file model21.tsv (TSV, N, CA and C atoms)
chain	number	residue	atom	x	y	z
A	1	MET	N	101.79	122.54	91.68
A	1	MET	CA	101.60	123.92	91.28
A	1	MET	C	101.37	124.83	92.50
A	2	MET	N	100.58	124.37	93.43
A	2	MET	CA	100.30	125.21	94.60
A	2	MET	C	101.57	125.46	95.39
A	3	ILE	N	102.42	124.44	95.51
A	3	ILE	CA	103.66	124.60	96.26
A	3	ILE	C	104.57	125.62	95.56
A	4	ASP	N	104.66	125.55	94.24
A	4	ASP	CA	105.48	126.52	93.50
A	4	ASP	C	104.97	127.94	93.71
A	5	PHE	N	103.64	128.11	93.63
A	5	PHE	CA	103.07	129.43	93.86
A	5	PHE	C	103.35	129.91	95.28
A	6	ALA	N	103.23	129.00	96.25
A	6	ALA	CA	103.46	129.37	97.65
A	6	ALA	C	104.92	129.74	97.89
A	7	LEU	N	105.84	128.97	97.33
A	7	LEU	CA	107.26	129.29	97.50
A	7	LEU	C	107.62	130.62	96.85
A	8	GLU	N	107.04	130.87	95.69
A	8	GLU	CA	107.29	132.15	95.00
A	8	GLU	C	106.78	133.32	95.83
A	9	ALA	N	105.58	133.18	96.39
A	9	ALA	CA	105.02	134.25	97.22
A	9	ALA	C	105.82	134.43	98.49
A	10	GLU	N	106.30	133.33	99.05
A	10	GLU	CA	107.09	133.40	100.28
A	10	GLU	C	108.42	134.09	100.04
A	11	ARG	N	109.07	133.76	98.95
A	11	ARG	CA	110.39	134.32	98.65
A	11	ARG	C	110.29	135.72	98.05
A	12	GLY	N	109.40	135.87	97.09
A	12	GLY	CA	109.32	137.13	96.36
A	12	GLY	C	108.60	138.24	97.09
A	13	GLN	N	107.55	137.90	97.84
A	13	GLN	CA	106.74	138.93	98.50
A	13	GLN	C	106.96	138.96	100.01
A	14	GLY	N	107.78	138.06	100.52
A	14	GLY	CA	108.08	138.04	101.94
A	14	GLY	C	106.92	137.62	102.82
A	15	GLN	N	106.02	136.81	102.31
A	15	GLN	CA	104.87	136.35	103.09
A	15	GLN	C	105.28	135.22	104.03
A	16	SER	N	104.51	135.06	105.09
A	16	SER	CA	104.74	133.92	105.99
A	16	SER	C	104.31	132.64	105.27
A	17	PRO	N	104.81	131.48	105.70
A	17	PRO	CA	104.44	130.24	105.03
A	17	PRO	C	102.93	129.99	105.02
A	18	GLY	N	102.25	130.26	106.10
A	18	GLY	CA	100.80	130.06	106.16
A	18	GLY	C	100.06	130.97	105.20
A	19	ASP	N	100.45	132.23	105.16
A	19	ASP	CA	99.81	133.17	104.23
A	19	ASP	C	100.10	132.81	102.77
A	20	ALA	N	101.31	132.35	102.52
A	20	ALA	CA	101.68	131.98	101.16
A	20	ALA	C	100.87	130.77	100.68
A	21	ILE	N	100.69	129.77	101.54
A	21	ILE	CA	99.88	128.59	101.17
A	21	ILE	C	98.44	129.00	100.96
A	22	TYR	N	97.90	129.84	101.83
A	22	TYR	CA	96.52	130.29	101.70
A	22	TYR	C	96.31	131.04	100.38
A	23	GLN	N	97.23	131.93	100.05
A	23	GLN	CA	97.14	132.69	98.80
A	23	GLN	C	97.25	131.77	97.59
A	24	ALA	N	98.13	130.78	97.66
A	24	ALA	CA	98.28	129.83	96.56
A	24	ALA	C	97.00	129.01	96.37
A	25	CYS	N	96.37	128.64	97.47
A	25	CYS	CA	95.12	127.89	97.38
A	25	CYS	C	94.03	128.73	96.72
A	26	LEU	N	93.96	129.99	97.06
A	26	LEU	CA	92.96	130.86	96.45
A	26	LEU	C	93.19	131.02	94.95
A	27	LEU	N	94.45	131.10	94.55
A	27	LEU	CA	94.76	131.31	93.13
A	27	LEU	C	94.66	130.05	92.30
A	28	ARG	N	95.01	128.89	92.84
A	28	ARG	CA	95.16	127.68	92.02
A	28	ARG	C	94.04	126.67	92.17
A	29	PHE	N	93.15	126.80	93.15
A	29	PHE	CA	92.13	125.78	93.38
A	29	PHE	C	91.19	125.62	92.19
A	30	ARG	N	90.68	126.70	91.66
A	30	ARG	CA	89.71	126.62	90.56
A	30	ARG	C	90.30	125.97	89.31
A	31	PRO	N	91.48	126.39	88.83
A	31	PRO	CA	92.04	125.71	87.65
A	31	PRO	C	92.33	124.23	87.87
A	32	ILE	N	92.79	123.88	89.07
A	32	ILE	CA	93.08	122.47	89.36
A	32	ILE	C	91.78	121.67	89.36
A	33	MET	N	90.72	122.20	89.95
A	33	MET	CA	89.44	121.49	89.98
A	33	MET	C	88.83	121.40	88.57
A	34	MET	N	88.98	122.43	87.76
A	34	MET	CA	88.45	122.39	86.40
A	34	MET	C	89.14	121.31	85.57
A	35	THR	N	90.45	121.19	85.71
A	35	THR	CA	91.21	120.18	84.99
A	35	THR	C	90.82	118.78	85.46
A	36	THR	N	90.68	118.62	86.77
A	36	THR	CA	90.31	117.32	87.33
A	36	THR	C	88.92	116.91	86.86
A	37	MET	N	87.97	117.82	86.90
A	37	MET	CA	86.61	117.50	86.49
A	37	MET	C	86.54	117.20	84.98
A	38	ALA	N	87.31	117.92	84.19
A	38	ALA	CA	87.33	117.65	82.75
A	38	ALA	C	87.85	116.24	82.47
A	39	ALA	N	88.89	115.84	83.18
A	39	ALA	CA	89.45	114.50	82.99
A	39	ALA	C	88.46	113.43	83.45
A	40	LEU	N	87.81	113.65	84.58
A	40	LEU	CA	86.84	112.67	85.07
A	40	LEU	C	85.64	112.55	84.15
A	41	LEU	N	85.13	113.67	83.68
A	41	LEU	CA	83.98	113.62	82.79
A	41	LEU	C	84.32	113.01	81.44
A	42	ALA	N	85.53	113.24	80.98
A	42	ALA	CA	85.95	112.61	79.72
A	42	ALA	C	86.07	111.10	79.88
A	43	ALA	N	86.51	110.66	81.04
A	43	ALA	CA	86.62	109.22	81.29
A	43	ALA	C	85.24	108.59	81.44
A	44	LEU	N	84.28	109.32	82.02
A	44	LEU	CA	82.94	108.78	82.19
A	44	LEU	C	82.13	108.81	80.90
A	45	ARG	N	82.48	109.68	80.00
A	45	ARG	CA	81.76	109.78	78.73
A	45	ARG	C	81.90	108.50	77.92
A	46	SER	N	83.01	107.83	78.07
A	46	SER	CA	83.27	106.65	77.27
A	46	SER	C	82.20	105.57	77.41
A	47	PRO	N	81.85	105.12	78.64
A	47	PRO	CA	80.82	104.08	78.70
A	47	PRO	C	79.41	104.59	78.38
A	48	TRP	N	79.13	105.86	78.67
A	48	TRP	CA	77.78	106.38	78.46
A	48	TRP	C	77.57	106.95	77.07
A	49	GLY	N	78.62	107.34	76.41
A	49	GLY	CA	78.47	108.00	75.12
A	49	GLY	C	78.79	107.11	73.95
A	50	GLU	N	78.54	105.82	74.07
A	50	GLU	CA	78.90	104.89	73.00
A	50	GLU	C	78.25	105.24	71.67
A	51	GLY	N	76.99	105.58	71.66
A	51	GLY	CA	76.31	105.89	70.41
A	51	GLY	C	76.93	107.08	69.71
A	52	TRP	N	77.24	108.12	70.45
A	52	TRP	CA	77.85	109.30	69.87
A	52	TRP	C	79.26	109.00	69.39
A	53	ALA	N	80.01	108.23	70.16
A	53	ALA	CA	81.39	107.92	69.79
A	53	ALA	C	81.43	107.08	68.52
A	54	ARG	N	80.48	106.19	68.34
A	54	ARG	CA	80.46	105.38	67.13
A	54	ARG	C	80.20	106.22	65.89
A	55	SER	N	79.37	107.23	66.02
A	55	SER	CA	79.06	108.06	64.86
A	55	SER	C	80.20	108.99	64.48
A	56	CYS	N	81.19	109.10	65.33
A	56	CYS	CA	82.33	110.00	65.08
A	56	CYS	C	83.59	109.24	64.67
A	57	GLY	N	83.45	108.13	64.05
A	57	GLY	CA	84.64	107.45	63.55
A	57	GLY	C	84.82	106.05	64.07
A	58	GLY	N	83.82	105.48	64.66
A	58	GLY	CA	83.90	104.11	65.14
A	58	GLY	C	83.78	103.13	63.99
A	59	PRO	N	83.58	101.87	64.28
A	59	PRO	CA	83.50	100.84	63.24
A	59	PRO	C	82.38	101.08	62.23
A	60	SER	N	81.27	101.65	62.64
A	60	SER	CA	80.17	101.86	61.70
A	60	SER	C	80.55	102.89	60.63
A	61	ALA	N	81.35	103.86	60.96
A	61	ALA	CA	81.77	104.86	59.98
A	61	ALA	C	82.69	104.24	58.92
A	62	SER	N	83.56	103.34	59.33
A	62	SER	CA	84.46	102.72	58.36
A	62	SER	C	83.70	101.78	57.44
A	63	ARG	N	82.64	101.14	57.96
A	63	ARG	CA	81.85	100.25	57.12
A	63	ARG	C	81.08	101.04	56.06
A	64	SER	N	80.59	102.22	56.40
A	64	SER	CA	79.83	102.99	55.42
A	64	SER	C	80.73	103.47	54.28
A	65	TRP	N	81.98	103.76	54.55
A	65	TRP	CA	82.90	104.19	53.51
A	65	TRP	C	83.37	103.01	52.65
A	66	ALA	N	83.37	101.83	53.24
A	66	ALA	CA	83.87	100.67	52.50
A	66	ALA	C	83.00	100.33	51.31
A	67	GLY	N	81.69	100.56	51.42
A	67	GLY	CA	80.79	100.23	50.34
A	67	GLY	C	80.84	101.22	49.19
A	68	SER	N	81.39	102.40	49.38
A	68	SER	CA	81.35	103.41	48.32
A	68	SER	C	82.56	103.36	47.39
A	69	SER	N	83.55	102.52	47.70
A	69	SER	CA	84.76	102.52	46.85
A	69	SER	C	84.70	101.59	45.69

call {"tool": "encode", "arguments": {"input": "model21.tsv", "output": "structure tokens"}}
result
Amino acid sequence: MMIDFALEAERGQGQSPGDAIYQACLLRFRPIMMTTMAALLAALRSPWGEGWARSCGGPSASRSWAGSS
């Protein structure tokens, strides 16, 4: 994404390659870091959030419905 933004700025606005990369970094760094952190935290939630995950549709939820039919 940063390269696409930099190339667009270089071609469309006539910026130098260094300025275009710098501008792309300023524009795209925060969204890229937010996406990365969301993915990492979602992956870490799995081992630590077992109790919560079970209450949201894990095996214990299916067992509670089995007795009511």

call {"tool": "atom_distance", "arguments": {"input": "model21.tsv", "atom1": "CA of Ala38 (chain A)", "atom2": "atom N of Ala24 (chain A)"}}
result
22.6 Å

call {"tool": "atom_distance", "arguments": {"input": "model21.tsv", "atom1": "CA of Ile3 (chain A)", "atom2": "CA of Ala20 (chain A)"}}
result
9.1 Å

call {"tool": "residues_around", "arguments": {"input": "model21.tsv", "residues": "Phe5 (chain A)", "least_positions_apart": "5", "cutoff": "9 Å", "atoms": "only C-alpha atoms", "output": "PDB file with N, CA and C atoms, in the coordinates of the input"}}
result
ATOM      1  N   GLU A  10     106.300 133.330  99.050  1.00  0.00           N
ATOM      2  CA  GLU A  10     107.090 133.400 100.280  1.00  0.00           C
ATOM      3  C   GLU A  10     108.420 134.090 100.040  1.00  0.00           C
ATOM      4  N   ALA A  20     101.310 132.350 102.520  1.00  0.00           N
ATOM      5  CA  ALA A  20     101.680 131.980 101.160  1.00  0.00           C
ATOM      6  C   ALA A  20     100.870 130.770 100.680  1.00  0.00           C
ATOM      7  N   ILE A  21     100.690 129.770 101.540  1.00  0.00           N
ATOM      8  CA  ILE A  21      99.880 128.590 101.170  1.00  0.00           C
ATOM      9  C   ILE A  21      98.440 129.000 100.960  1.00  0.00           C
ATOM     10  N   GLN A  23      97.230 131.930 100.050  1.00  0.00           N
ATOM     11  CA  GLN A  23      97.140 132.690  98.800  1.00  0.00           C
ATOM     12  C   GLN A  23      97.250 131.770  97.590  1.00  0.00           C
ATOM     13  N   ALA A  24      98.130 130.780  97.660  1.00  0.00           N
ATOM     14  CA  ALA A  24      98.280 129.830  96.560  1.00  0.00           C
ATOM     15  C   ALA A  24      97.000 129.010  96.370  1.00  0.00           C
ATOM     16  N   CYS A  25      96.370 128.640  97.470  1.00  0.00           N
ATOM     17  CA  CYS A  25      95.120 127.890  97.380  1.00  0.00           C
ATOM     18  C   CYS A  25      94.030 128.730  96.720  1.00  0.00           C
ATOM     19  N   LEU A  27      94.450 131.100  94.550  1.00  0.00           N
ATOM     20  CA  LEU A  27      94.760 131.310  93.130  1.00  0.00           C
ATOM     21  C   LEU A  27      94.660 130.050  92.300  1.00  0.00           C
ATOM     22  N   ARG A  28      95.010 128.890  92.840  1.00  0.00           N
ATOM     23  CA  ARG A  28      95.160 127.680  92.020  1.00  0.00           C
ATOM     24  C   ARG A  28      94.040 126.670  92.170  1.00  0.00           C
TER      25      ARG A  28
END

call {"tool": "atom_distance", "arguments": {"input": "model21.tsv", "atom1": "atom C of Leu44 (chain A)", "atom2": "atom C of Ile32 (chain A)"}}
result
18.2 Å
